[in-house]
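**Student:** Please find one structure pasted underneath; my questions will follow.
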Amino acid sequence: MSRARTQADPEAIDRTLDEASIEHYERLAAEADQHLDKLAAQAPLKDTTLEYQLRKRGVTRREFLKMTAVMTATMALPSMFDLRVARAAELATRLPVIWQELQSCTGNSMALIRNSNPGVDELILDLISLEYAEVLMAPSGQAAEDVLEASIERYRGEYIAVFEGSVPMADDGNFLTIGPAGHTGIEVVKHVAENSAAIIAAGTCAAYGGIPAARPNPTAALGIADFLNTQRINKPVVNLPACPVSSTNVVGTILEYALFGRLPSLDAFGRPLWAYGDRIHDKCERRGHFDAGQFVEGWSDTEGLKAGLCLYKVGCKGPMAYNNCGVVRYNDGTSWPIMAGHGCIGCSEPGFWDTLTPFEVPLAGRRYPVFGIDADADTIGAVALGAAAVGIVAHAGATMVKSATEQRAAKKPEAKKEQ
Amino acid sequence: MATRAVGAKRSAVVVERPGRPALVVYVFGRYIRAAHWIRNALLIWLVLSGIYIGNPFLARVLYPETAEGFVMAQIRGWHVAAGWILLAFTLARIYQFLFVNREGKLGIGAELRMAPIMFSWKAWRDQLAFYLLMRRDHPHFTYSNYGPLQFLVYTMLYASLLVISITGIILASPYVSGGLASFGADLLRPIEVWMGGLSNVRAVHRFVMWFFVLFTVAHIYMAVWNSIRTGGLIIEGIVSGFKADDVETTHVSKEELDKGKAQ
């Protein structure tokens, strides 16, 4: 895909690495080593290590390396980065992270911590130095507020700010107040974002406003990047949309930051190319049935459903949505919506609740409010066509009447002349 | 209706018809006629295949057991191919509109110079009065081949062709790795972002399709209606190239008419 022009061009990996690529990756590797050495020189933020925790949970070194190798491939890096990614995973515990809830359902946090069988990436997420995270932390009220202030003070300009949820702008932001002092979402995001090194918008709400921003958007909710634009705060933001975002993409972004000290290459909507470079459709296990034209015809088409045919006609929005669900899957790689038999709803696309609904029919069935009635494009077109037909018949009839009158009028004077 | 196509050969003959004689002039050159019908065929195919892509149904009827057919991929492939050809014709036509002058050479387009007709109140009044049966003779515009309504709708038609091509390129690009669509989509990325992602791009693509359907219906009706009402041989014109010039209102002299008759 042309989108995926990252530092790790997948086409370059497909070929046997030529000299230019080797040079390119060696330069990248040197950059990574330099940044990892810098991280290693820093004092650890926690009194435990990933190695110890892995051993405690019965994860062998071999399993850990398998996971980091998978992660390396997911991040579109060649195998020479395997051990570097493993080292980055170990050192990622030294990156201070502040996880700030906003106008959200906390579903992203829940998806990350509620796995019954947590994999190594979930473990890394547990072990990164989460200085502040409302869903996970013990303190509440003023105590929590103190922790936030202390963390911002201690790691000013160094921490990664992860936001979950949108920022409501209506009513001076009073739709969302946090903490005993009743700070609005606007104040909180400004304060946390201004002092951060980089920002991760986790989930579709934080990335694009998500469901709170769906029309008519009563709280005037904005995604983090749009909000920072209105406040003229210039910080690197990486959007990790999806509802919920997959843990692999969060951990991959953090690992990439640990590896290189910068955020990954982004697409036009601010999403990392290694995760959002291809559509759901392009990596779909049912794609063969799409090209063959074999579709599940409806929810009562048990034959088609059992045969695992393409879900396009029951509303799969995979052809419009960019994400890597089909590759990394959810719940420790167990499954994902299309595998489970329901089409993609395109939750990682901006404005998906407005632009990709209704979810159970193809996009041609999208509704538009016209004269107070919800109609799809084809209905609007057909009505316009019908109106045109009525107009044509009326005009043709009027023309016939008119020319008949004209002919009679033309004949009359002639008749008079003859007389 | 003294219509002269740009760059067309000019010759005039008079045909006697029951009713009134018509001075017939060669207005539509070979390229224009061929392009008209090729575009027509392309649009029919594009609309039909587009509707099919939106709601496919063939394969499980044709190939219930296996996937040997790849019907969807083929129809989509031919849809995209036809789209590219249509875009080529569109760009050639827009080039002609903008840059081919009255002598058929590079310059400010002859048709572009006719644009003031859109802003003439008198022209609008005359043309609408004609269509609303409030005047008998077709209004005659000396400085424009087109009436104001025609000019506006044809401009909209070519703008819509550009819009549907742009959205088509954006929609086609993820299906092919590299190539022209991919290159085009990279250039068009800001438009995709401005529209708000592929779903909106697809919605626009669908609505513009309906504009073409409506345009075609209205266009055929008005051409037939005009042809009957004015005796302008308009339907014949896009096949043969010869169209009737209005004898009463034309600036062709009596001698020229007789000369034509003698031939």
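Each chain in the structure tokens gets a letter, A, B and so on, in the order shown; residues start at 1 in every chain, and ligands are counted from 1 in the order they appear.
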Near Val238 (chain A), counting only C-alpha atoms, which residues have an atom at most 9 Å away, once you skip same-chain residues fewer than 2 positions from it, shown as number ranges by chain?
**Tutor:** A: 198-202, 207, 225, 236, 240, 253, 263-264, 266, 270-272
**Student:** Please determine the contact residues of chain B with respect to chain A at a cut-off of 9 Å, counting only C-alpha atoms, and supply them as a count of residues only.
**Tutor:** 55
**Student:** Could you jot down the CA of Glu111 (chain B) to CA of Pro148 (chain B) separation for me, Å, one decimal place?
**Tutor:**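 CA of Pro148 (chain B) lies at a distance of 12.3 Å from CA of Glu111 (chain B).
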**Student:** I want to know what sits within 12 Å of Val162 (chain A), based on only C-alpha atoms, with residues of the same chain fewer than 4 positions away left out; could you give that as a compact mmCIF listing (two decimals) with all heavy atoms, in the first residue's frame?
**Tutor:**
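around_13.txt written:
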# COMPACT_ATOMS: atom_id res chain seq x y z
N PRO A 96 7.52 7.60 31.98
CA PRO A 96 6.36 8.01 32.78
C PRO A 96 5.15 8.27 31.89
O PRO A 96 5.26 8.90 30.84
CB PRO A 96 6.83 9.30 33.45
CG PRO A 96 7.96 9.79 32.63
CD PRO A 96 8.55 8.62 31.91
N VAL A 97 4.01 7.72 32.29
CA VAL A 97 2.79 7.87 31.50
C VAL A 97 1.67 8.40 32.41
O VAL A 97 1.51 7.94 33.54
CB VAL A 97 2.36 6.51 30.90
CG1 VAL A 97 1.01 6.64 30.21
CG2 VAL A 97 3.41 6.00 29.92
N ILE A 98 0.95 9.39 31.92
CA ILE A 98 -0.24 9.86 32.64
C ILE A 98 -1.45 9.53 31.79
O ILE A 98 -1.53 9.92 30.63
CB ILE A 98 -0.16 11.38 32.92
CG1 ILE A 98 0.94 11.63 33.94
CG2 ILE A 98 -1.50 11.93 33.37
CD1 ILE A 98 1.13 13.08 34.28
N TRP A 99 -2.36 8.73 32.34
CA TRP A 99 -3.53 8.27 31.60
C TRP A 99 -4.74 9.06 32.11
O TRP A 99 -5.16 8.86 33.24
CB TRP A 99 -3.72 6.77 31.82
CG TRP A 99 -4.78 6.15 30.97
CD1 TRP A 99 -6.12 6.43 31.02
CD2 TRP A 99 -4.62 5.17 29.95
NE1 TRP A 99 -6.79 5.69 30.08
CE2 TRP A 99 -5.90 4.90 29.41
CE3 TRP A 99 -3.52 4.48 29.42
CZ2 TRP A 99 -6.11 3.98 28.39
CZ3 TRP A 99 -3.74 3.57 28.41
CH2 TRP A 99 -5.02 3.33 27.89
N GLN A 100 -5.26 9.94 31.31
CA GLN A 100 -6.31 10.85 31.75
C GLN A 100 -7.64 10.48 31.12
O GLN A 100 -7.78 10.44 29.90
CB GLN A 100 -5.93 12.28 31.36
CG GLN A 100 -6.93 13.33 31.76
CD GLN A 100 -7.00 13.51 33.27
OE1 GLN A 100 -5.99 13.72 33.94
NE2 GLN A 100 -8.20 13.41 33.82
N GLU A 101 -8.63 10.19 31.98
CA GLU A 101 -9.98 9.93 31.49
C GLU A 101 -10.68 11.25 31.20
O GLU A 101 -10.55 12.21 31.95
CB GLU A 101 -10.80 9.19 32.56
CG GLU A 101 -10.29 7.83 32.91
CD GLU A 101 -10.44 6.83 31.78
OE1 GLU A 101 -11.37 7.00 30.97
OE2 GLU A 101 -9.63 5.89 31.72
N LEU A 102 -11.45 11.28 30.12
CA LEU A 102 -12.26 12.47 29.82
C LEU A 102 -13.70 12.00 29.62
O LEU A 102 -14.13 11.07 30.28
CB LEU A 102 -11.69 13.18 28.58
CG LEU A 102 -10.26 13.71 28.79
CD1 LEU A 102 -9.66 14.10 27.46
CD2 LEU A 102 -10.26 14.88 29.74
N ASN A 108 -11.88 1.68 26.84
CA ASN A 108 -10.53 1.36 26.37
C ASN A 108 -9.70 0.79 27.51
O ASN A 108 -9.02 -0.22 27.35
CB ASN A 108 -9.87 2.60 25.78
CG ASN A 108 -10.60 3.08 24.54
OD1 ASN A 108 -10.61 2.41 23.53
ND2 ASN A 108 -11.25 4.22 24.65
N SER A 109 -9.77 1.45 28.69
CA SER A 109 -9.04 0.93 29.86
C SER A 109 -9.53 -0.46 30.19
O SER A 109 -8.76 -1.38 30.44
CB SER A 109 -9.26 1.83 31.08
OG SER A 109 -8.92 3.15 30.79
N LEU A 130 2.67 3.99 35.07
CA LEU A 130 1.44 4.77 35.02
C LEU A 130 1.37 5.64 36.27
O LEU A 130 1.05 5.17 37.36
CB LEU A 130 0.24 3.84 34.97
CG LEU A 130 -0.32 3.48 33.60
CD1 LEU A 130 -1.47 2.53 33.73
CD2 LEU A 130 -0.73 4.71 32.82
N GLU A 131 1.75 6.88 36.11
CA GLU A 131 1.82 7.77 37.27
C GLU A 131 0.42 8.13 37.75
O GLU A 131 0.19 8.40 38.91
CB GLU A 131 2.58 9.03 36.90
CG GLU A 131 4.05 8.78 36.60
CD GLU A 131 4.79 8.22 37.79
OE1 GLU A 131 4.57 8.71 38.91
OE2 GLU A 131 5.60 7.27 37.61
N TYR A 132 -0.49 8.17 36.80
CA TYR A 132 -1.83 8.61 37.13
C TYR A 132 -2.80 7.94 36.19
O TYR A 132 -2.62 7.99 34.97
CB TYR A 132 -1.93 10.14 36.99
CG TYR A 132 -3.29 10.72 37.25
CD1 TYR A 132 -3.72 11.04 38.54
CD2 TYR A 132 -4.17 10.96 36.20
CE1 TYR A 132 -4.96 11.57 38.77
CE2 TYR A 132 -5.43 11.49 36.42
CZ TYR A 132 -5.81 11.79 37.71
OH TYR A 132 -7.05 12.32 37.94
N ALA A 133 -3.78 7.23 36.70
CA ALA A 133 -4.80 6.60 35.87
C ALA A 133 -6.02 6.38 36.73
O ALA A 133 -6.01 5.52 37.61
CB ALA A 133 -4.30 5.28 35.28
N GLU A 134 -7.06 7.17 36.51
CA GLU A 134 -8.22 7.15 37.40
C GLU A 134 -8.80 5.76 37.60
O GLU A 134 -9.20 5.38 38.69
CB GLU A 134 -9.33 8.07 36.85
CG GLU A 134 -9.08 9.53 37.12
CD GLU A 134 -8.93 10.31 35.84
OE1 GLU A 134 -8.51 9.71 34.85
OE2 GLU A 134 -9.22 11.52 35.86
N VAL A 189 -7.24 19.00 30.14
CA VAL A 189 -6.45 18.63 28.96
C VAL A 189 -5.38 19.68 28.69
O VAL A 189 -4.23 19.35 28.38
CB VAL A 189 -7.37 18.46 27.72
CG1 VAL A 189 -6.54 18.13 26.49
CG2 VAL A 189 -8.37 17.36 27.96
N VAL A 192 -2.57 19.11 31.31
CA VAL A 192 -1.80 17.87 31.14
C VAL A 192 -1.04 17.90 29.80
O VAL A 192 0.12 17.49 29.73
CB VAL A 192 -2.73 16.63 31.22
CG1 VAL A 192 -1.95 15.36 30.91
CG2 VAL A 192 -3.37 16.54 32.59
N ALA A 193 -1.70 18.39 28.76
CA ALA A 193 -1.07 18.35 27.43
C ALA A 193 0.10 19.32 27.34
O ALA A 193 1.13 18.99 26.75
CB ALA A 193 -2.11 18.69 26.35
N SER A 196 3.37 17.83 28.57
CA SER A 196 3.74 16.48 28.16
C SER A 196 4.82 16.53 27.08
O SER A 196 5.09 17.58 26.49
CB SER A 196 2.52 15.75 27.63
OG SER A 196 2.11 16.35 26.41
N ALA A 197 5.42 15.34 26.84
CA ALA A 197 6.39 15.23 25.75
C ALA A 197 5.67 14.85 24.46
O ALA A 197 6.00 15.34 23.38
CB ALA A 197 7.44 14.17 26.09
N ALA A 198 4.69 13.95 24.60
CA ALA A 198 3.93 13.49 23.44
C ALA A 198 2.57 13.03 23.93
O ALA A 198 2.39 12.76 25.12
CB ALA A 198 4.65 12.35 22.73
N ILE A 199 1.62 12.98 23.00
CA ILE A 199 0.25 12.66 23.39
C ILE A 199 -0.26 11.48 22.58
O ILE A 199 -0.07 11.42 21.36
CB ILE A 199 -0.66 13.89 23.17
CG1 ILE A 199 -0.24 15.02 24.11
CG2 ILE A 199 -2.13 13.54 23.37
CD1 ILE A 199 -0.80 16.35 23.75
N ILE A 200 -0.90 10.54 23.28
CA ILE A 200 -1.58 9.44 22.61
C ILE A 200 -3.07 9.60 22.86
O ILE A 200 -3.50 9.72 24.01
CB ILE A 200 -1.10 8.07 23.15
CG1 ILE A 200 0.37 7.85 22.79
CG2 ILE A 200 -1.96 6.95 22.58
CD1 ILE A 200 0.96 6.59 23.38
N ALA A 201 -3.86 9.67 21.79
CA ALA A 201 -5.31 9.70 21.92
C ALA A 201 -5.81 8.28 21.76
O ALA A 201 -5.86 7.76 20.65
CB ALA A 201 -5.92 10.62 20.88
N ALA A 202 -6.15 7.62 22.89
CA ALA A 202 -6.52 6.20 22.86
C ALA A 202 -8.02 6.07 22.69
O ALA A 202 -8.79 6.58 23.51
CB ALA A 202 -6.05 5.51 24.13
N GLY A 203 -8.44 5.42 21.64
CA GLY A 203 -9.86 5.23 21.39
C GLY A 203 -10.41 6.30 20.47
O GLY A 203 -9.81 7.37 20.31
N ALA A 206 -11.28 9.97 21.96
CA ALA A 206 -10.14 10.87 22.13
C ALA A 206 -9.58 11.29 20.77
O ALA A 206 -9.11 12.41 20.59
CB ALA A 206 -9.05 10.19 22.95
N ALA A 207 -9.65 10.37 19.79
CA ALA A 207 -9.05 10.68 18.49
C ALA A 207 -9.92 11.65 17.69
O ALA A 207 -9.43 12.66 17.19
CB ALA A 207 -8.83 9.38 17.70
N ILE A 224 -8.94 15.03 20.80
CA ILE A 224 -7.82 15.74 21.44
C ILE A 224 -7.08 16.64 20.44
O ILE A 224 -6.81 17.81 20.71
CB ILE A 224 -6.84 14.73 22.07
CG1 ILE A 224 -7.54 13.92 23.17
CG2 ILE A 224 -5.63 15.44 22.63
CD1 ILE A 224 -8.08 14.75 24.30
N PRO A 236 3.07 16.81 19.59
CA PRO A 236 2.82 15.67 18.71
C PRO A 236 1.71 14.79 19.28
O PRO A 236 1.77 14.40 20.44
CB PRO A 236 4.16 14.94 18.68
CG PRO A 236 4.89 15.42 19.89
CD PRO A 236 4.40 16.79 20.20
N VAL A 237 0.68 14.53 18.46
CA VAL A 237 -0.44 13.68 18.88
C VAL A 237 -0.50 12.48 17.96
O VAL A 237 -0.42 12.63 16.74
CB VAL A 237 -1.78 14.44 18.79
CG1 VAL A 237 -2.93 13.54 19.24
CG2 VAL A 237 -1.74 15.70 19.62
N VAL A 238 -0.62 11.29 18.55
CA VAL A 238 -0.87 10.12 17.71
C VAL A 238 -2.25 9.59 18.06
O VAL A 238 -2.60 9.42 19.22
CB VAL A 238 0.24 9.05 17.87
CG1 VAL A 238 0.45 8.68 19.32
CG2 VAL A 238 -0.06 7.81 17.05
N ASN A 239 -3.07 9.43 17.04
CA ASN A 239 -4.43 8.94 17.23
C ASN A 239 -4.43 7.42 17.15
O ASN A 239 -3.89 6.84 16.20
CB ASN A 239 -5.35 9.48 16.15
CG ASN A 239 -5.64 10.94 16.34
OD1 ASN A 239 -5.58 11.47 17.46
ND2 ASN A 239 -5.97 11.63 15.26
N LEU A 240 -5.03 6.77 18.15
CA LEU A 240 -5.20 5.32 18.11
C LEU A 240 -6.69 5.03 18.22
O LEU A 240 -7.17 4.56 19.25
CB LEU A 240 -4.43 4.66 19.26
CG LEU A 240 -2.92 4.85 19.27
CD1 LEU A 240 -2.32 4.21 20.52
CD2 LEU A 240 -2.29 4.23 18.03
N VAL A 250 -1.69 0.15 21.31
CA VAL A 250 -1.23 1.06 22.37
C VAL A 250 0.20 0.70 22.76
O VAL A 250 1.09 1.56 22.80
CB VAL A 250 -2.15 0.98 23.61
CG1 VAL A 250 -1.62 1.86 24.72
CG2 VAL A 250 -3.57 1.39 23.25
N VAL A 251 0.41 -0.60 23.00
CA VAL A 251 1.74 -1.03 23.44
C VAL A 251 2.76 -0.79 22.32
O VAL A 251 3.87 -0.33 22.57
CB VAL A 251 1.70 -2.52 23.85
CG1 VAL A 251 3.10 -3.04 24.11
CG2 VAL A 251 0.85 -2.68 25.09
N THR A 253 2.75 1.53 20.08
CA THR A 253 3.09 2.95 20.00
C THR A 253 4.03 3.34 21.13
O THR A 253 5.00 4.08 20.94
CB THR A 253 1.80 3.80 20.06
OG1 THR A 253 0.92 3.33 19.04
CG2 THR A 253 2.10 5.26 19.84
N ILE A 254 3.74 2.80 22.34
CA ILE A 254 4.63 3.10 23.47
C ILE A 254 6.01 2.51 23.22
O ILE A 254 7.04 3.15 23.47
CB ILE A 254 4.01 2.58 24.79
CG1 ILE A 254 2.77 3.42 25.13
CG2 ILE A 254 5.02 2.64 25.92
CD1 ILE A 254 1.98 2.90 26.29
**Student:** Between CA of Asp172 (chain A) and CA of Met195 (chain B), what is the distance in Å, rounded to a tenth?
**Tutor:**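 Going from CA of Asp172 (chain A) over to CA of Met195 (chain B) covers 28.4 Å.
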**Student:** Considering only C-alpha atoms, state which residue in the set B:Trp194, B:Phe215, B:Tyr31, B:Trp121 is at the smallest distance from Gln150 (chain B).
**Tutor:** B:Phe215
**Student:** Considering only C-alpha atoms, return as a list in words whatever protein or nucleic-acid residues lie within 10 Å of His79 (chain B), sequence-local ones (same chain, fewer than 2 positions apart) excluded.
**Tutor:** Leu42, Trp45, Leu46, Val47, Leu48, Ser49, Gly50, Ile53, Ala73, Gln74, Ile75, Arg76, Gly77, Ala81, Ala82, Gly83, Trp84, Gly168 and Ala172 of chain B
**Student:** Where does DSSP see strand (DSSP E or B) in region 116-209 of chain A, if you list the residues as a ChimeraX atom specification?
**Tutor:** /A:129-133,160-164,166-168,177-178,183-184,198-202
